[in-house]
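Student: So here's model_34.pdb, just PDB, C-alpha atoms and all ligand atoms:
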```pdb
MODEL        1
ATOM      1  CA  MET D   1      43.288 -60.689 -58.766  1.00  0.00           C
ATOM      2  CA  ASP D   2      44.237 -57.307 -60.097  1.00  0.00           C
ATOM      3  CA  HIS D   3      47.652 -55.923 -58.998  1.00  0.00           C
ATOM      4  CA  THR D   4      49.006 -52.400 -59.531  1.00  0.00           C
ATOM      5  CA  VAL D   5      52.463 -51.469 -58.186  1.00  0.00           C
ATOM      6  CA  TYR D   6      53.228 -47.810 -57.434  1.00  0.00           C
ATOM      7  CA  GLY D   7      56.881 -46.759 -57.311  1.00  0.00           C
ATOM      8  CA  THR D   8      59.963 -46.607 -59.479  1.00  0.00           C
ATOM      9  CA  VAL D   9      62.310 -49.548 -59.909  1.00  0.00           C
ATOM     10  CA  ARG D  10      64.970 -47.459 -58.126  1.00  0.00           C
ATOM     11  CA  SER D  11      62.861 -47.380 -54.932  1.00  0.00           C
ATOM     12  CA  ARG D  12      61.809 -50.158 -52.531  1.00  0.00           C
ATOM     13  CA  ALA D  13      59.106 -50.905 -55.136  1.00  0.00           C
ATOM     14  CA  PHE D  14      61.824 -53.077 -56.739  1.00  0.00           C
ATOM     15  CA  ARG D  15      61.147 -55.657 -54.010  1.00  0.00           C
ATOM     16  CA  VAL D  16      57.437 -55.865 -54.848  1.00  0.00           C
ATOM     17  CA  LEU D  17      58.032 -56.002 -58.610  1.00  0.00           C
ATOM     18  CA  TRP D  18      60.611 -58.784 -58.138  1.00  0.00           C
ATOM     19  CA  MET D  19      58.207 -60.739 -55.925  1.00  0.00           C
ATOM     20  CA  LEU D  20      55.410 -60.471 -58.495  1.00  0.00           C
ATOM     21  CA  GLU D  21      57.837 -61.655 -61.193  1.00  0.00           C
ATOM     22  CA  GLU D  22      58.879 -64.619 -59.008  1.00  0.00           C
ATOM     23  CA  LEU D  23      55.211 -65.533 -58.581  1.00  0.00           C
ATOM     24  CA  ALA D  24      54.569 -65.035 -62.330  1.00  0.00           C
ATOM     25  CA  LEU D  25      51.584 -62.794 -61.526  1.00  0.00           C
ATOM     26  CA  PRO D  26      50.425 -60.179 -64.044  1.00  0.00           C
ATOM     27  CA  TYR D  27      50.533 -56.562 -62.771  1.00  0.00           C
ATOM     28  CA  ARG D  28      50.299 -52.956 -63.858  1.00  0.00           C
ATOM     29  CA  HIS D  29      53.250 -50.698 -62.972  1.00  0.00           C
ATOM     30  CA  VAL D  30      52.923 -46.983 -62.169  1.00  0.00           C
ATOM     31  CA  PRO D  31      56.560 -45.797 -61.817  1.00  0.00           C
ATOM     32  CA  CYS D  32      55.741 -42.702 -59.743  1.00  0.00           C
ATOM     33  CA  ALA D  33      57.769 -40.710 -57.175  1.00  0.00           C
ATOM     34  CA  PRO D  34      57.040 -40.307 -53.433  1.00  0.00           C
ATOM     35  CA  ARG D  35      54.228 -37.797 -52.769  1.00  0.00           C
ATOM     36  CA  SER D  36      53.373 -37.625 -56.486  1.00  0.00           C
ATOM     37  CA  ASP D  37      49.742 -36.987 -57.416  1.00  0.00           C
ATOM     38  CA  ALA D  38      49.408 -40.531 -58.817  1.00  0.00           C
ATOM     39  CA  LEU D  39      50.578 -41.990 -55.481  1.00  0.00           C
ATOM     40  CA  LEU D  40      48.579 -39.637 -53.242  1.00  0.00           C
ATOM     41  CA  ALA D  41      45.447 -40.659 -55.144  1.00  0.00           C
ATOM     42  CA  VAL D  42      45.795 -44.194 -53.684  1.00  0.00           C
ATOM     43  CA  SER D  43      47.742 -43.569 -50.427  1.00  0.00           C
ATOM     44  CA  ALA D  44      47.662 -40.320 -48.440  1.00  0.00           C
ATOM     45  CA  LEU D  45      50.961 -41.316 -46.735  1.00  0.00           C
ATOM     46  CA  GLY D  46      52.797 -40.598 -50.009  1.00  0.00           C
ATOM     47  CA  LYS D  47      55.468 -43.278 -49.415  1.00  0.00           C
ATOM     48  CA  LEU D  48      56.535 -45.980 -51.859  1.00  0.00           C
ATOM     49  CA  PRO D  49      55.806 -48.718 -52.581  1.00  0.00           C
ATOM     50  CA  VAL D  50      52.055 -49.266 -52.645  1.00  0.00           C
ATOM     51  CA  LEU D  51      50.406 -52.360 -54.095  1.00  0.00           C
ATOM     52  CA  VAL D  52      46.740 -51.968 -54.997  1.00  0.00           C
ATOM     53  CA  VAL D  53      45.039 -55.373 -54.884  1.00  0.00           C
ATOM     54  CA  ASP D  54      41.530 -55.399 -56.316  1.00  0.00           C
ATOM     55  CA  GLY D  55      41.066 -51.756 -55.311  1.00  0.00           C
ATOM     56  CA  THR D  56      42.643 -51.960 -51.816  1.00  0.00           C
ATOM     57  CA  ALA D  57      45.951 -50.123 -51.283  1.00  0.00           C
ATOM     58  CA  LEU D  58      48.589 -52.044 -49.284  1.00  0.00           C
ATOM     59  CA  ARG D  59      51.607 -50.181 -47.847  1.00  0.00           C
ATOM     60  CA  ASP D  60      55.124 -51.179 -46.804  1.00  0.00           C
ATOM     61  CA  SER D  61      57.331 -53.388 -48.970  1.00  0.00           C
ATOM     62  CA  THR D  62      57.812 -56.063 -46.283  1.00  0.00           C
ATOM     63  CA  ALA D  63      54.094 -56.242 -45.467  1.00  0.00           C
ATOM     64  CA  ILE D  64      53.310 -56.520 -49.189  1.00  0.00           C
ATOM     65  CA  LEU D  65      55.899 -59.275 -49.758  1.00  0.00           C
ATOM     66  CA  THR D  66      54.604 -61.175 -46.741  1.00  0.00           C
ATOM     67  CA  TYR D  67      51.006 -60.903 -47.966  1.00  0.00           C
ATOM     68  CA  LEU D  68      51.928 -62.127 -51.458  1.00  0.00           C
ATOM     69  CA  ALA D  69      54.047 -64.985 -50.085  1.00  0.00           C
ATOM     70  CA  ASP D  70      51.323 -66.116 -47.659  1.00  0.00           C
ATOM     71  CA  HIS D  71      48.515 -65.745 -50.185  1.00  0.00           C
ATOM     72  CA  HIS D  72      50.303 -67.798 -52.822  1.00  0.00           C
ATOM     73  CA  GLY D  73      52.153 -70.152 -50.465  1.00  0.00           C
ATOM     74  CA  GLN D  74      55.515 -69.424 -52.092  1.00  0.00           C
ATOM     75  CA  LEU D  75      58.836 -67.928 -50.946  1.00  0.00           C
ATOM     76  CA  THR D  76      57.801 -68.443 -47.339  1.00  0.00           C
ATOM     77  CA  TYR D  77      57.430 -71.046 -44.642  1.00  0.00           C
ATOM     78  CA  PRO D  78      53.814 -71.359 -43.419  1.00  0.00           C
ATOM     79  CA  ALA D  79      52.712 -68.948 -40.656  1.00  0.00           C
ATOM     80  CA  GLY D  80      52.814 -70.523 -37.201  1.00  0.00           C
ATOM     81  CA  THR D  81      55.767 -72.815 -37.916  1.00  0.00           C
ATOM     82  CA  ILE D  82      59.162 -72.623 -36.245  1.00  0.00           C
ATOM     83  CA  GLU D  83      60.776 -72.121 -39.673  1.00  0.00           C
ATOM     84  CA  ARG D  84      58.507 -69.134 -40.215  1.00  0.00           C
ATOM     85  CA  ALA D  85      59.539 -67.675 -36.853  1.00  0.00           C
ATOM     86  CA  ARG D  86      63.185 -67.995 -37.939  1.00  0.00           C
ATOM     87  CA  GLN D  87      62.347 -66.482 -41.332  1.00  0.00           C
ATOM     88  CA  ASP D  88      60.596 -63.502 -39.683  1.00  0.00           C
ATOM     89  CA  GLY D  89      63.618 -63.077 -37.407  1.00  0.00           C
ATOM     90  CA  TRP D  90      65.757 -62.691 -40.526  1.00  0.00           C
ATOM     91  CA  THR D  91      63.311 -60.223 -42.032  1.00  0.00           C
ATOM     92  CA  GLN D  92      63.343 -58.017 -38.935  1.00  0.00           C
ATOM     93  CA  ARG D  93      67.112 -58.243 -38.606  1.00  0.00           C
ATOM     94  CA  ILE D  94      67.639 -57.125 -42.219  1.00  0.00           C
ATOM     95  CA  LEU D  95      65.292 -54.182 -41.625  1.00  0.00           C
ATOM     96  CA  ASP D  96      67.019 -53.250 -38.328  1.00  0.00           C
ATOM     97  CA  GLU D  97      70.637 -53.815 -39.280  1.00  0.00           C
ATOM     98  CA  LEU D  98      70.741 -52.879 -42.983  1.00  0.00           C
ATOM     99  CA  ASP D  99      67.611 -51.147 -44.312  1.00  0.00           C
ATOM    100  CA  ALA D 100      67.407 -48.690 -41.385  1.00  0.00           C
ATOM    101  CA  LEU D 101      71.054 -47.635 -41.813  1.00  0.00           C
ATOM    102  CA  LEU D 102      70.691 -47.174 -45.579  1.00  0.00           C
ATOM    103  CA  TRP D 103      67.503 -45.186 -45.105  1.00  0.00           C
ATOM    104  CA  THR D 104      69.072 -42.939 -42.449  1.00  0.00           C
ATOM    105  CA  ALA D 105      72.025 -42.282 -44.779  1.00  0.00           C
ATOM    106  CA  ALA D 106      69.596 -41.445 -47.594  1.00  0.00           C
ATOM    107  CA  ARG D 107      67.692 -39.059 -45.324  1.00  0.00           C
ATOM    108  CA  HIS D 108      70.910 -37.218 -44.473  1.00  0.00           C
ATOM    109  CA  SER D 109      71.956 -37.157 -48.152  1.00  0.00           C
ATOM    110  CA  PHE D 110      68.853 -36.000 -50.031  1.00  0.00           C
ATOM    111  CA  VAL D 111      65.556 -36.746 -48.274  1.00  0.00           C
ATOM    112  CA  LEU D 112      65.576 -34.267 -45.362  1.00  0.00           C
ATOM    113  CA  PRO D 113      65.515 -30.496 -45.979  1.00  0.00           C
ATOM    114  CA  GLU D 114      69.145 -29.362 -46.405  1.00  0.00           C
ATOM    115  CA  ASP D 115      69.281 -27.474 -43.089  1.00  0.00           C
ATOM    116  CA  GLN D 116      68.279 -30.641 -41.183  1.00  0.00           C
ATOM    117  CA  ARG D 117      70.910 -32.952 -42.716  1.00  0.00           C
ATOM    118  CA  VAL D 118      73.899 -34.100 -40.659  1.00  0.00           C
ATOM    119  CA  PRO D 119      76.252 -35.554 -43.314  1.00  0.00           C
ATOM    120  CA  ALA D 120      78.854 -36.477 -40.655  1.00  0.00           C
ATOM    121  CA  VAL D 121      76.575 -39.268 -39.392  1.00  0.00           C
ATOM    122  CA  LYS D 122      77.118 -41.194 -42.636  1.00  0.00           C
ATOM    123  CA  ASP D 123      80.626 -42.443 -41.734  1.00  0.00           C
ATOM    124  CA  SER D 124      79.261 -44.067 -38.609  1.00  0.00           C
ATOM    125  CA  LEU D 125      76.321 -45.576 -40.540  1.00  0.00           C
ATOM    126  CA  ARG D 126      78.694 -47.032 -43.168  1.00  0.00           C
ATOM    127  CA  ARG D 127      80.920 -48.616 -40.512  1.00  0.00           C
ATOM    128  CA  GLU D 128      77.953 -50.098 -38.667  1.00  0.00           C
ATOM    129  CA  PHE D 129      76.476 -51.410 -41.926  1.00  0.00           C
ATOM    130  CA  ALA D 130      79.749 -53.100 -42.919  1.00  0.00           C
ATOM    131  CA  ALA D 131      80.069 -54.802 -39.526  1.00  0.00           C
ATOM    132  CA  ASN D 132      76.418 -55.938 -39.584  1.00  0.00           C
ATOM    133  CA  LEU D 133      76.682 -57.275 -43.139  1.00  0.00           C
ATOM    134  CA  GLU D 134      79.866 -59.191 -42.364  1.00  0.00           C
ATOM    135  CA  ARG D 135      78.303 -60.849 -39.308  1.00  0.00           C
ATOM    136  CA  LEU D 136      75.103 -61.607 -41.200  1.00  0.00           C
ATOM    137  CA  THR D 137      76.938 -63.003 -44.247  1.00  0.00           C
ATOM    138  CA  ALA D 138      78.709 -65.546 -42.050  1.00  0.00           C
ATOM    139  CA  GLU D 139      75.252 -66.880 -41.088  1.00  0.00           C
ATOM    140  CA  ILE D 140      73.889 -67.374 -44.649  1.00  0.00           C
ATOM    141  CA  ASP D 141      73.197 -71.108 -44.981  1.00  0.00           C
ATOM    142  CA  GLY D 142      73.513 -71.058 -48.779  1.00  0.00           C
ATOM    143  CA  PRO D 143      72.580 -71.036 -51.499  1.00  0.00           C
ATOM    144  CA  TYR D 144      69.745 -68.983 -49.950  1.00  0.00           C
ATOM    145  CA  LEU D 145      69.660 -67.338 -46.559  1.00  0.00           C
ATOM    146  CA  MET D 146      67.801 -70.296 -45.030  1.00  0.00           C
ATOM    147  CA  GLY D 147      69.323 -73.049 -47.147  1.00  0.00           C
ATOM    148  CA  GLU D 148      67.624 -74.639 -50.136  1.00  0.00           C
ATOM    149  CA  VAL D 149      64.393 -72.596 -49.950  1.00  0.00           C
ATOM    150  CA  MET D 150      64.293 -68.990 -51.195  1.00  0.00           C
ATOM    151  CA  THR D 151      62.183 -66.828 -48.864  1.00  0.00           C
ATOM    152  CA  VAL D 152      61.029 -63.212 -48.512  1.00  0.00           C
ATOM    153  CA  PRO D 153      64.153 -62.096 -46.587  1.00  0.00           C
ATOM    154  CA  ASP D 154      66.324 -63.133 -49.572  1.00  0.00           C
ATOM    155  CA  ILE D 155      64.579 -60.440 -51.624  1.00  0.00           C
ATOM    156  CA  LEU D 156      65.061 -57.873 -48.850  1.00  0.00           C
ATOM    157  CA  LEU D 157      68.710 -58.793 -48.319  1.00  0.00           C
ATOM    158  CA  CYS D 158      69.651 -58.748 -51.995  1.00  0.00           C
ATOM    159  CA  HIS D 159      67.853 -55.417 -52.442  1.00  0.00           C
ATOM    160  CA  CYS D 160      69.720 -53.903 -49.472  1.00  0.00           C
ATOM    161  CA  GLY D 161      72.962 -55.175 -51.059  1.00  0.00           C
ATOM    162  CA  ASN D 162      72.068 -53.370 -54.298  1.00  0.00           C
ATOM    163  CA  TRP D 163      71.103 -50.234 -52.404  1.00  0.00           C
ATOM    164  CA  ALA D 164      74.436 -50.271 -50.544  1.00  0.00           C
ATOM    165  CA  VAL D 165      76.308 -50.313 -53.864  1.00  0.00           C
ATOM    166  CA  SER D 166      74.386 -47.325 -55.226  1.00  0.00           C
ATOM    167  CA  ALA D 167      74.806 -45.475 -51.888  1.00  0.00           C
ATOM    168  CA  LYS D 168      78.587 -46.060 -52.119  1.00  0.00           C
ATOM    169  CA  PHE D 169      78.674 -48.003 -48.863  1.00  0.00           C
ATOM    170  CA  PRO D 170      81.760 -50.206 -48.234  1.00  0.00           C
ATOM    171  CA  PRO D 171      82.124 -53.225 -50.571  1.00  0.00           C
ATOM    172  CA  ALA D 172      80.304 -56.357 -49.412  1.00  0.00           C
ATOM    173  CA  PRO D 173      82.234 -59.496 -48.353  1.00  0.00           C
ATOM    174  CA  ASP D 174      83.039 -61.885 -51.258  1.00  0.00           C
ATOM    175  CA  ARG D 175      80.695 -64.528 -49.861  1.00  0.00           C
ATOM    176  CA  PHE D 176      77.820 -62.027 -49.898  1.00  0.00           C
ATOM    177  CA  VAL D 177      78.593 -61.040 -53.513  1.00  0.00           C
ATOM    178  CA  THR D 178      78.457 -64.719 -54.560  1.00  0.00           C
ATOM    179  CA  TYR D 179      75.127 -65.155 -52.723  1.00  0.00           C
ATOM    180  CA  ALA D 180      73.605 -61.980 -54.209  1.00  0.00           C
ATOM    181  CA  ASP D 181      74.924 -62.630 -57.731  1.00  0.00           C
ATOM    182  CA  ALA D 182      73.081 -65.968 -57.783  1.00  0.00           C
ATOM    183  CA  LEU D 183      69.846 -64.140 -56.895  1.00  0.00           C
ATOM    184  CA  ARG D 184      70.547 -61.455 -59.506  1.00  0.00           C
ATOM    185  CA  ALA D 185      70.860 -64.172 -62.164  1.00  0.00           C
ATOM    186  CA  ARG D 186      67.306 -65.396 -61.558  1.00  0.00           C
ATOM    187  CA  PRO D 187      65.048 -64.741 -64.590  1.00  0.00           C
ATOM    188  CA  ALA D 188      62.498 -62.938 -62.371  1.00  0.00           C
ATOM    189  CA  TYR D 189      65.213 -60.576 -61.081  1.00  0.00           C
ATOM    190  CA  VAL D 190      66.521 -59.940 -64.605  1.00  0.00           C
ATOM    191  CA  ARG D 191      62.985 -59.074 -65.810  1.00  0.00           C
ATOM    192  CA  THR D 192      62.547 -56.683 -62.847  1.00  0.00           C
ATOM    193  CA  ALA D 193      65.893 -54.963 -63.405  1.00  0.00           C
ATOM    194  CA  ALA D 194      64.988 -54.494 -67.087  1.00  0.00           C
ATOM    195  CA  LEU D 195      61.999 -52.360 -66.026  1.00  0.00           C
ATOM    196  CA  GLY D 196      64.462 -49.654 -64.988  1.00  0.00           C
TER     197      GLY D 196
HETATM  198  N1  LIG D 201      59.228 -49.373 -44.549  1.00  0.00           N
HETATM  199  C1  LIG D 201      58.689 -48.787 -45.751  1.00  0.00           C
HETATM  200  C2  LIG D 201      59.506 -47.544 -46.116  1.00  0.00           C
HETATM  201  C3  LIG D 201      58.809 -46.736 -47.208  1.00  0.00           C
HETATM  202  C4  LIG D 201      59.654 -45.545 -47.627  1.00  0.00           C
HETATM  203  O1  LIG D 201      60.167 -44.785 -46.802  1.00  0.00           O
HETATM  204  N2  LIG D 201      59.783 -45.391 -48.957  1.00  0.00           N
HETATM  205  C5  LIG D 201      60.553 -44.293 -49.517  1.00  0.00           C
HETATM  206  C6  LIG D 201      60.989 -44.615 -50.952  1.00  0.00           C
HETATM  207  S1  LIG D 201      61.876 -46.138 -51.101  1.00  0.00           S
HETATM  208  C7  LIG D 201      59.655 -43.065 -49.581  1.00  0.00           C
HETATM  209  O2  LIG D 201      58.575 -43.126 -50.128  1.00  0.00           O
HETATM  210  N3  LIG D 201      60.108 -41.963 -48.997  1.00  0.00           N
HETATM  211  C8  LIG D 201      59.407 -40.731 -49.051  1.00  0.00           C
HETATM  212  C9  LIG D 201      59.218 -40.157 -47.671  1.00  0.00           C
HETATM  213  O3  LIG D 201      59.728 -40.712 -46.678  1.00  0.00           O
HETATM  214  O4  LIG D 201      58.566 -39.134 -47.571  1.00  0.00           O
HETATM  215  C10 LIG D 201      58.705 -49.839 -46.883  1.00  0.00           C
HETATM  216  O5  LIG D 201      59.510 -50.765 -46.837  1.00  0.00           O
HETATM  217  O6  LIG D 201      57.871 -49.743 -47.802  1.00  0.00           O
ENDMDL
END
```
What is this structure when it is put down as structure tokens?
Ligand SMILES: N[C@@H](CCC(=O)N[C@@H](CS)C(=O)NCC(=O)O)C(=O)O
Tutor:
Amino acid sequence: MDHTVYGTVRSRAFRVLWMLEELALPYRHVPCAPRSDALLAVSALGKLPVLVVDGTALRDSTAILTYLADHHGQLTYPAGTIERARQDGWTQRILDELDALLWTAARHSFVLPEDQRVPAVKDSLRREFAANLERLTAEIDGPYLMGEVMTVPDILLCHCGNWAVSAKFPPAPDRFVTYADALRARPAYVRTAALG
């Protein structure tokens, strides 16, 4: 299968690139910006990331990771199992409790037109993020989120941890740093980070 990833390493495209590296799949990388001509040519929505698989454009980093995991039977529990229901619960929680707060902070920092930004909201977002991450960290089974098996939500969680550092959110709990550092030491992660 032919894979082309649209989006810079500094965007949520990192998640897709890391997943492809974990699966040792060959891919082409187009490190474009949101709403760039290269991106609009494959997806009128203009949001990153997009993965084009044999000519079909797939949107949304979580949907793309889930497709790749299911298709290759790796980094996931099989669909329809109780473990998979728990895994999907983690995925949705990370999106609700971490990704959404980071994205709202980004919107009020540089995404929205300046006259629509409310910078004061960021203090509240940072506090909520810190409380959510602390509660979530206490529930990490270790060494991965769900114990011995690395799954899609580990990629999402580690990426949100990275994003929080670059967004100058409060420092993560020590236990989270240990968890994320082990993921960051994986050869597939190191290869992905080197793309930037
Ligand atoms: N839930 C989507 C969010 C996609 C998204 O908002 N991507 C950002 C870059 S990381 C973007 O393209 N923003 C441009 C915009 O919102 O117009 C995903 O995970 O792929």
Student: Pull out every residue that the PyMOL selection byres (((not hetatm)) within 7 of (chain D and resi 201)) matches in the shown coordinates and put them as a list in words.
Tutor: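 Given this file, the PyMOL selection byres (((not hetatm)) within 7 of (chain D and resi 201)) evaluates to Ser11, Arg12, Ala13, Pro34, Arg35, Gly46, Lys47, Leu48, Pro49, Arg59, Asp60, Ser61 and Thr62 of chain D.
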Student: To one decimal place, how far is atom CA of Ala131 of chain D from atom CA of Gln116 of chain D in Å?
Tutor: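 Between these atoms lies a distance of 26.9 Å.
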Student: Name all residues at most 12 Å from Thr178 of chain D (count all atoms listed in the file; drop same-chain ones fewer than 2 positions away) and give them as a ChimeraX atom specification.
Tutor: /D:137,140,142-144,158,161,172-176,180-185
Student: Kindly give the distance, in Å, that separates atom CA of Glu134 of chain D and atom CA of Ala69 of chain D, rounded to a single decimal.
Tutor: 27.6 Å
Student: Once the PyMOL selection byres (((chain D and resi 119) around 9) and not hetatm) has been applied to the shown file, what residues remain in the selection, as a PDB file with C-alpha atoms, keeping the file's coordinate frame?
Tutor:
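The resulting out_16.pdb:
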```
ATOM      1  CA  ALA D 105      72.025 -42.282 -44.779  1.00  0.00           C
ATOM      2  CA  HIS D 108      70.910 -37.218 -44.473  1.00  0.00           C
ATOM      3  CA  SER D 109      71.956 -37.157 -48.152  1.00  0.00           C
ATOM      4  CA  ARG D 117      70.910 -32.952 -42.716  1.00  0.00           C
ATOM      5  CA  VAL D 118      73.899 -34.100 -40.659  1.00  0.00           C
ATOM      6  CA  ALA D 120      78.854 -36.477 -40.655  1.00  0.00           C
ATOM      7  CA  VAL D 121      76.575 -39.268 -39.392  1.00  0.00           C
ATOM      8  CA  LYS D 122      77.118 -41.194 -42.636  1.00  0.00           C
ATOM      9  CA  ASP D 123      80.626 -42.443 -41.734  1.00  0.00           C
TER      10      ASP D 123
END
```
Student: Got a sec to resolve the PyMOL selection byres (((chain D and resi 97) around 12) and not hetatm) on this structure and send the residues as JSON, numbers by chain?
Tutor: {"D": [89, 90, 91, 92, 93, 94, 95, 96, 98, 99, 100, 101, 102, 103, 104, 125, 126, 127, 128, 129, 130, 131, 132, 133, 134, 135, 136, 156, 157, 160]}
Student: Give me the residues within 9 Å of Ala167 of chain D as a ChimeraX atom specification, counting all atoms listed in the file and dropping any in the same chain fewer than 2 places off.
Tutor: /D:102,105-106,162-165,169
Student: Taking all atoms listed in the file into account, which of D:Asp70, D:Asp115, D:Glu21, D:Asp2 comes nearest Val53 of chain D?
Tutor: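 Selected residue with least distance to Val53 of chain D: D:Asp2.
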Student: Output as AutoDock Vina command-line options the centre and edge lengths (Å, one decimal) of the box along x, y and z of the file that holds every listed atom of segment 83-95 of chain D after adding 3 Å on each side.
Tutor:
```
--center_x 63.1 --center_y -63.2 --center_z -39.5 --size_x 15.1 --size_y 23.9 --size_z 11.4
```
Student: Grab the atom CA of Glu148 of chain D to atom CA of Ala85 of chain D distance for me, in Å with one decimal place.
Tutor: 17.0 Å
Student: For each of D:Arg15, D:Arg28, D:Arg86, D:Arg107, take the minimum atom-to-atom distance to Thr192 of chain D, counting all atoms listed in the file, then give the residue where this is smallest.
Tutor: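 Once distances to Thr192 of chain D are computed over all atoms listed in the file, the minimum belongs to D:Arg15.
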Student: Leaving out segment 39-44 of chain D and any residue of its chain fewer than 5 positions from it, which residues lie within 10 Å of it when counting all atoms listed in the file, given as a list in words?
Tutor: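 That gives Tyr6, Gly7, Val30, Pro31, Cys32, Ala33, Pro34, Pro49, Val50, Leu51, Val52, Gly55, Thr56, Ala57, Leu58 and Arg59 of chain D.
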Student: Assuming the input is short of atoms at segment 171-177 of chain D, produce all heavy atoms for that part as a CSV table (one decimal), in the frame of the given file.
Tutor:
```csv
chain,number,residue,atom,x,y,z
D,171,PRO,N,82.4,-52.0,-49.8
D,171,PRO,CA,82.1,-53.2,-50.6
D,171,PRO,C,81.7,-54.4,-49.7
D,171,PRO,O,82.2,-54.5,-48.5
D,171,PRO,CB,83.5,-53.5,-51.2
D,171,PRO,CG,84.4,-52.4,-51.0
D,171,PRO,CD,83.8,-51.5,-49.9
D,172,ALA,N,80.8,-55.2,-50.2
D,172,ALA,CA,80.3,-56.4,-49.4
D,172,ALA,C,81.4,-57.5,-49.4
D,172,ALA,O,82.2,-57.5,-50.3
D,172,ALA,CB,79.0,-56.9,-50.1
D,173,PRO,N,81.3,-58.4,-48.4
D,173,PRO,CA,82.2,-59.5,-48.4
D,173,PRO,C,82.0,-60.4,-49.6
D,173,PRO,O,80.9,-60.4,-50.1
D,173,PRO,CB,81.8,-60.3,-47.1
D,173,PRO,CG,81.0,-59.4,-46.3
D,173,PRO,CD,80.4,-58.3,-47.2
D,174,ASP,N,83.1,-61.0,-50.0
D,174,ASP,CA,83.0,-61.9,-51.3
D,174,ASP,C,81.9,-62.9,-51.2
D,174,ASP,O,81.2,-63.1,-52.2
D,174,ASP,CB,84.4,-62.6,-51.5
D,174,ASP,CG,85.5,-61.7,-51.9
D,174,ASP,OD1,85.1,-60.5,-52.2
D,174,ASP,OD2,86.6,-62.1,-51.9
D,175,ARG,N,81.7,-63.5,-50.0
D,175,ARG,CA,80.7,-64.5,-49.9
D,175,ARG,C,79.3,-63.9,-50.1
D,175,ARG,O,78.4,-64.6,-50.7
D,175,ARG,CB,80.8,-65.2,-48.5
D,175,ARG,CG,79.8,-66.3,-48.3
D,175,ARG,CD,80.2,-67.2,-47.1
D,175,ARG,NE,79.3,-68.4,-47.1
D,175,ARG,CZ,78.2,-68.5,-46.4
D,175,ARG,NH1,77.8,-67.6,-45.5
D,175,ARG,NH2,77.5,-69.6,-46.5
D,176,PHE,N,79.1,-62.7,-49.7
D,176,PHE,CA,77.8,-62.0,-49.9
D,176,PHE,C,77.6,-61.8,-51.4
D,176,PHE,O,76.5,-62.0,-51.9
D,176,PHE,CB,77.7,-60.7,-49.1
D,176,PHE,CG,76.4,-60.0,-49.4
D,176,PHE,CD1,75.3,-60.4,-48.6
D,176,PHE,CD2,76.2,-59.1,-50.4
D,176,PHE,CE1,74.0,-59.8,-48.8
D,176,PHE,CE2,75.0,-58.5,-50.6
D,176,PHE,CZ,73.9,-58.8,-49.8
D,177,VAL,N,78.7,-61.3,-52.1
D,177,VAL,CA,78.6,-61.0,-53.5
D,177,VAL,C,78.2,-62.3,-54.3
D,177,VAL,O,77.3,-62.3,-55.2
D,177,VAL,CB,79.9,-60.4,-54.0
D,177,VAL,CG1,79.9,-60.3,-55.5
D,177,VAL,CG2,80.2,-59.1,-53.3
```
